$ cat final-v8.csv   # CSV, C-alpha atoms
chain,number,residue,atom,x,y,z
A,111,MET,CA,23.5,140.9,38.2
A,112,LEU,CA,20.6,142.0,40.3
A,113,VAL,CA,19.9,145.0,38.1
A,114,ARG,CA,19.7,142.7,35.0
A,115,LYS,CA,17.1,140.5,36.9
A,116,LEU,CA,15.0,143.6,37.6
A,117,PRO,CA,14.4,145.1,34.1
A,118,LYS,CA,11.4,147.2,35.2
A,119,LEU,CA,13.4,148.9,38.0
A,120,LYS,CA,15.0,151.5,35.6
A,121,GLU,CA,11.6,152.5,34.1
A,122,ASP,CA,10.1,152.8,37.6
A,123,MET,CA,12.9,155.0,38.7
A,124,ILE,CA,12.4,157.3,35.6
A,125,VAL,CA,8.7,157.5,36.4
A,126,ALA,CA,9.5,158.2,40.0
A,127,HIS,CA,12.0,161.0,38.9
A,128,MET,CA,14.7,159.5,41.1
A,129,ARG,CA,18.2,160.8,40.4
A,130,GLU,CA,20.0,157.6,41.3
A,131,THR,CA,20.9,154.9,38.8
A,132,PRO,CA,19.5,151.4,39.3
A,133,LYS,CA,22.9,150.2,40.3
A,134,GLN,CA,23.2,152.8,43.0
A,135,LEU,CA,19.7,151.9,44.4
A,136,VAL,CA,20.5,148.2,44.4
A,137,LYS,CA,23.9,148.9,46.1
A,138,LYS,CA,22.2,151.0,48.8
A,139,ALA,CA,19.5,148.4,49.3
A,140,ILE,CA,22.2,145.6,49.8
A,141,LEU,CA,24.3,147.7,52.2
A,142,PHE,CA,21.3,148.8,54.3
A,143,SER,CA,19.8,145.3,54.4
A,144,PHE,CA,23.2,143.9,55.5
A,145,SER,CA,23.5,146.5,58.3
A,146,ALA,CA,19.9,145.9,59.4
A,147,ALA,CA,20.4,142.1,59.4
A,148,ILE,CA,23.6,142.3,61.4
A,149,ALA,CA,22.0,144.8,63.9
A,150,VAL,CA,18.9,142.6,64.5
A,151,THR,CA,20.9,139.4,64.7
A,152,PHE,CA,23.3,141.0,67.3
A,153,PHE,CA,20.5,142.3,69.5
A,154,THR,CA,18.7,139.0,69.3
A,155,PHE,CA,22.0,137.3,70.3
A,156,VAL,CA,22.3,139.6,73.3
A,157,ILE,CA,18.8,138.8,74.4
A,158,LEU,CA,19.0,135.1,73.9
A,159,GLU,CA,22.7,134.7,75.0
A,160,LYS,CA,21.7,132.5,78.0
A,161,GLN,CA,19.4,130.3,76.1
A,162,MET,CA,21.8,128.4,73.9
A,163,SER,CA,19.1,126.3,72.4
A,164,SER,CA,17.5,129.3,70.8
A,165,LEU,CA,20.7,130.6,69.2
A,166,SER,CA,20.2,128.2,66.2
A,167,ILE,CA,17.5,130.6,64.8
A,168,LEU,CA,20.1,133.4,64.4
A,169,PRO,CA,21.2,132.4,60.8
A,170,LEU,CA,17.6,132.1,59.7
A,171,LEU,CA,16.8,135.4,61.3
A,172,PHE,CA,19.8,137.0,59.5
A,173,ILE,CA,18.7,135.7,56.1
A,174,LEU,CA,15.0,136.7,56.8
A,175,VAL,CA,15.8,140.3,57.7
A,176,LEU,CA,18.3,140.6,54.8
A,177,VAL,CA,15.7,139.5,52.3
A,178,LEU,CA,12.8,141.5,53.7
A,179,VAL,CA,14.7,144.7,54.0
A,180,SER,CA,16.2,144.3,50.5
A,181,VAL,CA,12.8,143.8,49.0
A,182,PHE,CA,11.4,146.8,51.0
A,183,MET,CA,14.2,149.0,49.8
A,184,LEU,CA,13.7,148.0,46.2
A,185,GLN,CA,10.1,149.0,46.4
A,186,THR,CA,11.2,152.7,47.0
A,187,PRO,CA,10.4,153.7,43.3
A,188,LYS,CA,6.9,152.4,43.6
A,189,VAL,CA,6.4,154.5,46.8
A,190,TYR,CA,7.5,157.6,45.0
A,191,ILE,CA,5.3,156.8,42.0
A,192,ARG,CA,2.3,156.4,44.2
A,193,ARG,CA,3.1,159.7,45.9
A,194,ARG,CA,3.4,161.5,42.5
A,195,GLU,CA,0.2,159.9,41.2
A,196,ARG,CA,-1.8,161.2,44.2
A,197,GLU,CA,-0.2,164.6,43.9
A,198,ILE,CA,-1.0,164.9,40.2
A,199,ASN,CA,-4.6,163.5,40.5
A,200,LYS,CA,-5.4,166.0,43.1
A,201,GLU,CA,-5.3,168.8,40.6
A,202,ILE,CA,-5.2,167.3,37.1
A,203,LEU,CA,-8.9,167.8,36.4
A,204,PHE,CA,-8.7,171.5,37.1
A,205,ALA,CA,-5.4,171.8,35.3
A,206,GLY,CA,-7.0,170.1,32.3
A,207,ARG,CA,-10.0,172.5,32.4
A,208,TYR,CA,-7.6,175.4,32.5
A,209,LEU,CA,-5.8,174.0,29.4
A,210,LEU,CA,-9.2,173.6,27.7
A,211,VAL,CA,-10.2,177.2,28.4
A,212,LYS,CA,-7.0,178.4,26.9
A,213,LEU,CA,-7.4,176.3,23.8
A,214,GLU,CA,-11.0,177.4,23.3
A,215,SER,CA,-10.0,181.0,23.6
A,216,GLY,CA,-7.7,180.5,20.6
A,217,THR,CA,-4.4,180.1,22.4
A,218,PRO,CA,-2.0,177.8,20.5
A,219,LEU,CA,-1.2,174.5,22.3
A,220,PHE,CA,2.4,175.3,23.1
A,221,ASN,CA,1.4,178.7,24.6
A,222,ALA,CA,-1.4,177.0,26.6
A,223,LEU,CA,1.1,174.5,28.0
A,224,ILE,CA,3.4,177.4,29.0
A,225,ASP,CA,0.5,179.2,30.7
A,226,ALA,CA,-0.4,176.0,32.5
A,227,SER,CA,3.1,175.5,33.7
A,228,LYS,CA,3.3,179.0,35.1
A,229,SER,CA,-0.1,179.4,36.7
A,230,TYR,CA,-1.6,176.1,37.8
A,231,GLY,CA,-0.5,174.8,41.2
A,232,ILE,CA,1.3,171.5,41.7
A,233,SER,CA,0.4,170.3,38.3
A,234,GLY,CA,2.3,173.2,36.8
A,235,LYS,CA,5.6,171.6,37.4
A,236,TYR,CA,4.6,168.6,35.3
A,237,PHE,CA,3.5,170.8,32.4
A,238,LYS,CA,6.8,172.7,32.9
A,239,GLU,CA,8.7,169.5,32.3
A,240,ILE,CA,7.0,169.2,28.9
A,241,VAL,CA,7.7,172.8,28.0
A,242,ASP,CA,11.4,172.4,29.0
A,243,ASP,CA,11.6,169.3,26.8
A,244,ILE,CA,10.1,171.2,23.8
A,245,ASN,CA,12.5,174.2,24.4
A,246,THR,CA,15.5,171.9,24.2
A,247,GLY,CA,14.5,171.1,20.6
A,248,THR,CA,12.3,168.1,21.0
A,249,PRO,CA,9.2,168.1,18.7
A,250,ILE,CA,6.0,168.8,20.6
A,251,GLU,CA,4.5,165.4,19.8
A,252,GLU,CA,7.6,163.6,21.0
A,253,ALA,CA,7.8,165.7,24.2
A,254,LEU,CA,4.1,164.9,24.9
A,255,GLU,CA,4.7,161.2,24.2
A,256,ASN,CA,7.7,161.1,26.6
A,257,ALA,CA,5.7,162.8,29.3
A,258,ARG,CA,2.8,160.3,28.7
A,259,LYS,CA,5.1,157.3,28.8
A,260,TYR,CA,6.9,158.2,32.0
A,261,ASN,CA,4.0,159.8,34.0
A,262,ALA,CA,2.7,158.3,37.2
A,263,SER,CA,-0.9,159.4,36.8
A,264,LYS,CA,-3.3,157.4,34.6
A,265,ASN,CA,-5.6,160.5,34.1
A,266,PHE,CA,-2.6,162.7,33.1
A,267,ARG,CA,-1.6,160.0,30.6
A,268,LEU,CA,-5.1,159.9,29.2
A,269,ILE,CA,-5.2,163.7,28.7
A,270,LEU,CA,-1.8,163.6,27.0
A,271,TRP,CA,-2.8,160.7,24.8
A,272,GLN,CA,-5.8,162.5,23.5
A,273,ILE,CA,-3.8,165.6,22.7
A,274,ILE,CA,-1.2,163.5,20.9
A,275,THR,CA,-3.9,161.6,18.9
A,276,SER,CA,-5.5,164.9,18.0
A,277,LEU,CA,-2.2,166.4,16.8
A,278,LYS,CA,-1.4,163.3,14.7
A,279,THR,CA,-4.9,163.0,13.1
A,280,GLY,CA,-5.4,166.8,12.7
A,281,ALA,CA,-8.6,166.8,14.8
A,282,GLU,CA,-9.6,169.7,17.1
A,283,VAL,CA,-7.6,169.3,20.3
A,284,ALA,CA,-10.2,171.2,22.4
A,285,ASP,CA,-13.0,168.8,21.5
A,286,SER,CA,-11.0,165.7,22.3
A,287,LEU,CA,-9.8,167.3,25.6
A,288,ARG,CA,-13.4,168.2,26.6
A,289,LYS,CA,-14.6,164.6,26.1
A,290,THR,CA,-11.6,163.3,28.0
A,291,LEU,CA,-12.2,165.6,31.0
A,292,SER,CA,-15.8,164.6,31.1
A,293,GLN,CA,-14.8,160.9,31.2
A,294,ILE,CA,-12.3,161.6,34.0
A,295,THR,CA,-15.0,163.5,35.9
A,296,GLN,CA,-17.4,160.5,35.7
A,297,GLU,CA,-14.6,158.1,36.8
A,298,GLU,CA,-13.8,160.3,39.8
A,299,ILE,CA,-17.5,160.4,40.8
A,300,ILE,CA,-17.6,156.6,40.7
A,301,GLU,CA,-14.4,156.5,42.7
A,302,ILE,CA,-15.9,158.8,45.4
A,303,LYS,CA,-19.0,156.6,45.7
A,304,GLU,CA,-16.9,153.5,46.0
A,305,TYR,CA,-14.8,155.2,48.8
A,306,GLY,CA,-18.1,156.0,50.6
A,307,LYS,CA,-19.0,152.2,50.6
A,308,LYS,CA,-15.5,151.3,51.8
A,309,LEU,CA,-15.6,153.9,54.5
A,310,ASN,CA,-18.9,152.5,55.9
A,311,SER,CA,-17.3,149.1,56.3
A,312,LEU,CA,-14.1,150.5,57.8
A,313,VAL,CA,-16.1,152.6,60.3
A,314,MET,CA,-18.1,149.6,61.4
A,315,PHE,CA,-15.0,147.5,61.8
A,316,TYR,CA,-13.3,150.4,63.7
A,317,MET,CA,-16.3,150.7,66.1
A,318,ILE,CA,-16.0,147.0,66.9
A,319,VAL,CA,-12.2,146.6,67.1
A,320,ALA,CA,-11.3,150.0,68.6
A,321,CYS,CA,-14.3,150.9,70.7
A,322,VAL,CA,-16.6,148.0,71.7
A,323,ILE,CA,-14.1,145.2,72.2
A,324,PRO,CA,-11.6,147.3,74.3
A,325,SER,CA,-14.3,148.9,76.5
A,326,LEU,CA,-16.2,145.7,77.2
A,327,GLY,CA,-12.9,143.7,77.4
A,328,VAL,CA,-11.4,146.0,80.1
A,329,THR,CA,-14.7,146.0,82.0
A,330,MET,CA,-14.9,142.2,82.0
A,331,ILE,CA,-11.3,141.9,83.0
A,332,VAL,CA,-11.8,144.2,86.0
A,333,ILE,CA,-14.9,142.4,87.1
A,334,VAL,CA,-13.4,138.9,86.7
A,335,SER,CA,-10.2,140.0,88.5
A,336,SER,CA,-12.2,141.2,91.5
A,337,PHE,CA,-13.8,137.8,91.8
A,338,MET,CA,-10.6,135.8,91.2
A,339,ASP,CA,-8.4,138.1,93.2
A,340,LEU,CA,-6.2,138.9,90.2
A,341,ASP,CA,-3.7,141.8,90.5
A,342,ILE,CA,-4.5,144.3,87.7
A,343,SER,CA,-2.0,147.1,88.0
A,344,MET,CA,-1.8,150.5,86.2
A,345,SER,CA,1.0,149.1,84.0
A,346,HIS,CA,-1.4,146.6,82.5
A,347,LEU,CA,-3.9,149.3,81.8
A,348,PHE,CA,-1.2,151.5,80.2
A,349,MET,CA,-0.3,148.5,78.1
A,350,VAL,CA,-3.9,148.2,76.9
A,351,LEU,CA,-3.9,152.0,76.2
A,352,PHE,CA,-0.6,151.6,74.2
A,353,PHE,CA,-2.1,149.0,71.9
A,354,LEU,CA,-5.3,151.0,71.5
A,355,ALA,CA,-3.1,154.0,70.4
A,356,ILE,CA,-1.5,151.7,67.8
A,357,ILE,CA,-4.9,150.5,66.6
A,358,GLN,CA,-6.1,154.2,66.3
A,359,PHE,CA,-3.0,155.1,64.3
A,360,LEU,CA,-3.4,152.1,61.9
A,361,PHE,CA,-7.0,152.9,61.2
A,362,ILE,CA,-6.2,156.6,60.5
A,363,SER,CA,-3.4,155.5,58.1
A,364,LEU,CA,-5.7,153.0,56.4
A,365,ILE,CA,-8.5,155.6,55.9
A,366,LYS,CA,-5.9,158.0,54.5
A,367,SER,CA,-4.5,155.4,52.1
A,368,VAL,CA,-7.9,154.4,50.6
A,369,ARG,CA,-9.1,158.0,50.3
A,370,PRO,CA,-9.2,159.0,46.6
A,371,MET,CA,-7.1,162.1,45.8
A,372,VAL,CA,-9.7,163.8,43.6
A,373,ASN,CA,-11.2,167.3,43.5
A,374,LEU,CA,-14.3,167.9,41.4
$ encode --input "final-v8.csv" --output "structure tokens"
Amino acid sequence: MLVRKLPKLKEDMIVAHMRETPKQLVKKAILFSFSAAIAVTFFTFVILEKQMSSLSILPLLFILVLVLVSVFMLQTPKVYIRRREREINKEILFAGRYLLVKLESGTPLFNALIDASKSYGISGKYFKEIVDDINTGTPIEEALENARKYNASKNFRLILWQIITSLKTGAEVADSLRKTLSQITQEEIIEIKEYGKKLNSLVMFYMIVACVIPSLGVTMIVIVSSFMDLDISMSHLFMVLFFLAIIQFLFISLIKSVRPMVNL
């Protein structure tokens, strides 16, 4: 029933190259979410055992954890898709240029795809999937269309689409590919410039939240505590240090997540 209500799940799993079926993924998500909900509810019960008035939140907590973990687990294909997209985009421009050089030197398209699958880094395995599909008897246009339909990278889909269009119209594949690679290069330059603007804002926010506020805050607390005779122990300072470490980790993760995976 849940699989029928999630029609896009199957397509996302194909794009993510997951070997599980949608039913297996949904089953795993339900079982894991039930286990997590039971565990969280049990530990909360142990903590709040003496506070009987607070035990009424346990059913709500169970349902909340169950729903949140289930939704998180069902987002697994999108995580894999995002990872594959970043992996492909990192080299797709150079792989496309390699393919263009082969075509301009007079190499047939199929042979150029074989060479790209054997000699060009991470992107080679994605070209190899196309070559394997063709070797099993699939027409080259259909194999390229399947790769385009179920590919995680927009740039890779654009390159494949131009090749397919050239094959169908009889146009020169190298000319279409050259224009497409030029377009992708311009888009990646724009993406890098936008990343620079985002980075400036993030660095300013980082300086305020992770440097200025903690340093001035701790200084002010120490000064105020000396006047008001408050007891500031090392455990309090270590707690501040712990939260600062969490903030540092969050900022590093945020900067990595917004960094464009491009190489010009």
$ residues_around --input "final-v8.csv" --residues "Leu119 in chain A" --least-positions-apart "3" --cutoff "9 Å" --atoms "all atoms listed in the file" --output "list in words"
Val113, Leu116, Asp122, Met123, Ile124, Pro132, Leu184 and Pro187 of chain A
$ atom_distance --input "final-v8.csv" --atom1 "CA of Glu197 in chain A" --atom2 "CA of Glu121 in chain A"
19.5 Å
$ closest_residue --input "final-v8.csv" --among "A:Asn245, A:Thr295, A:Gln358, A:Ser145" --to "Ala320 in chain A" --atoms "only C-alpha atoms"
A:Gln358
$ atom_distance --input "final-v8.csv" --atom1 "CA of Gly280 in chain A" --atom2 "CA of Lys259 in chain A"
21.4 Å
$ closest_residue --input "final-v8.csv" --among "A:Met314, A:Ile157, A:Met183, A:Ile198" --to "Gln134 in chain A" --atoms "all atoms listed in the file"
A:Met183
$ residues_around --input "final-v8.csv" --residues "Gln272 in chain A" --least-positions-apart "3" --cutoff "9 Å" --atoms "all atoms listed in the file" --output "PyMOL selection string"
chain A and resi 267-269+275-277+283+286-287+290
$ residues_around --input "final-v8.csv" --residues "range 175-178 of chain A" --least-positions-apart "5" --cutoff "10 Å" --atoms "all atoms listed in the file" --output "PyMOL selection string"
chain A and resi 139-151+170+183-184
$ closest_residue --input "final-v8.csv" --among "A:Ile331, A:Val125, A:Ile167, A:Ile273" --to "Leu291 in chain A" --atoms "only C-alpha atoms"
A:Ile273
$ atom_distance --input "final-v8.csv" --atom1 "CA of Phe348 in chain A" --atom2 "CA of Ile323 in chain A"
16.4 Å
$ closest_residue --input "final-v8.csv" --among "A:Arg288, A:Arg114, A:Lys120, A:Lys307" --to "Glu214 in chain A" --atoms "all atoms listed in the file"
A:Arg288
$ closest_residue --input "final-v8.csv" --among "A:Ala226, A:Ser233, A:Val211, A:His127" --to "Tyr190 in chain A" --atoms "only C-alpha atoms"
A:His127
$ residues_near_point --input "final-v8.csv" --point "(-1.9, 163.2, 41.8)" --cutoff "10 Å" --atoms "all atoms listed in the file" --output "ChimeraX atom specification"
/A:191-203,232-233,262-266,370-372
$ residues_near_point --input "final-v8.csv" --point "(-5.3, 149.9, 71.8)" --cutoff "12 Å" --atoms "all atoms listed in the file" --output "list in words"
Tyr316, Val319, Ala320, Cys321, Val322, Ile323, Pro324, Ser325, Gly327, Val328, His346, Leu347, Phe348, Met349, Val350, Leu351, Phe352, Phe353, Leu354, Ala355, Ile356, Ile357, Gln358, Phe359, Leu360 and Phe361 of chain A
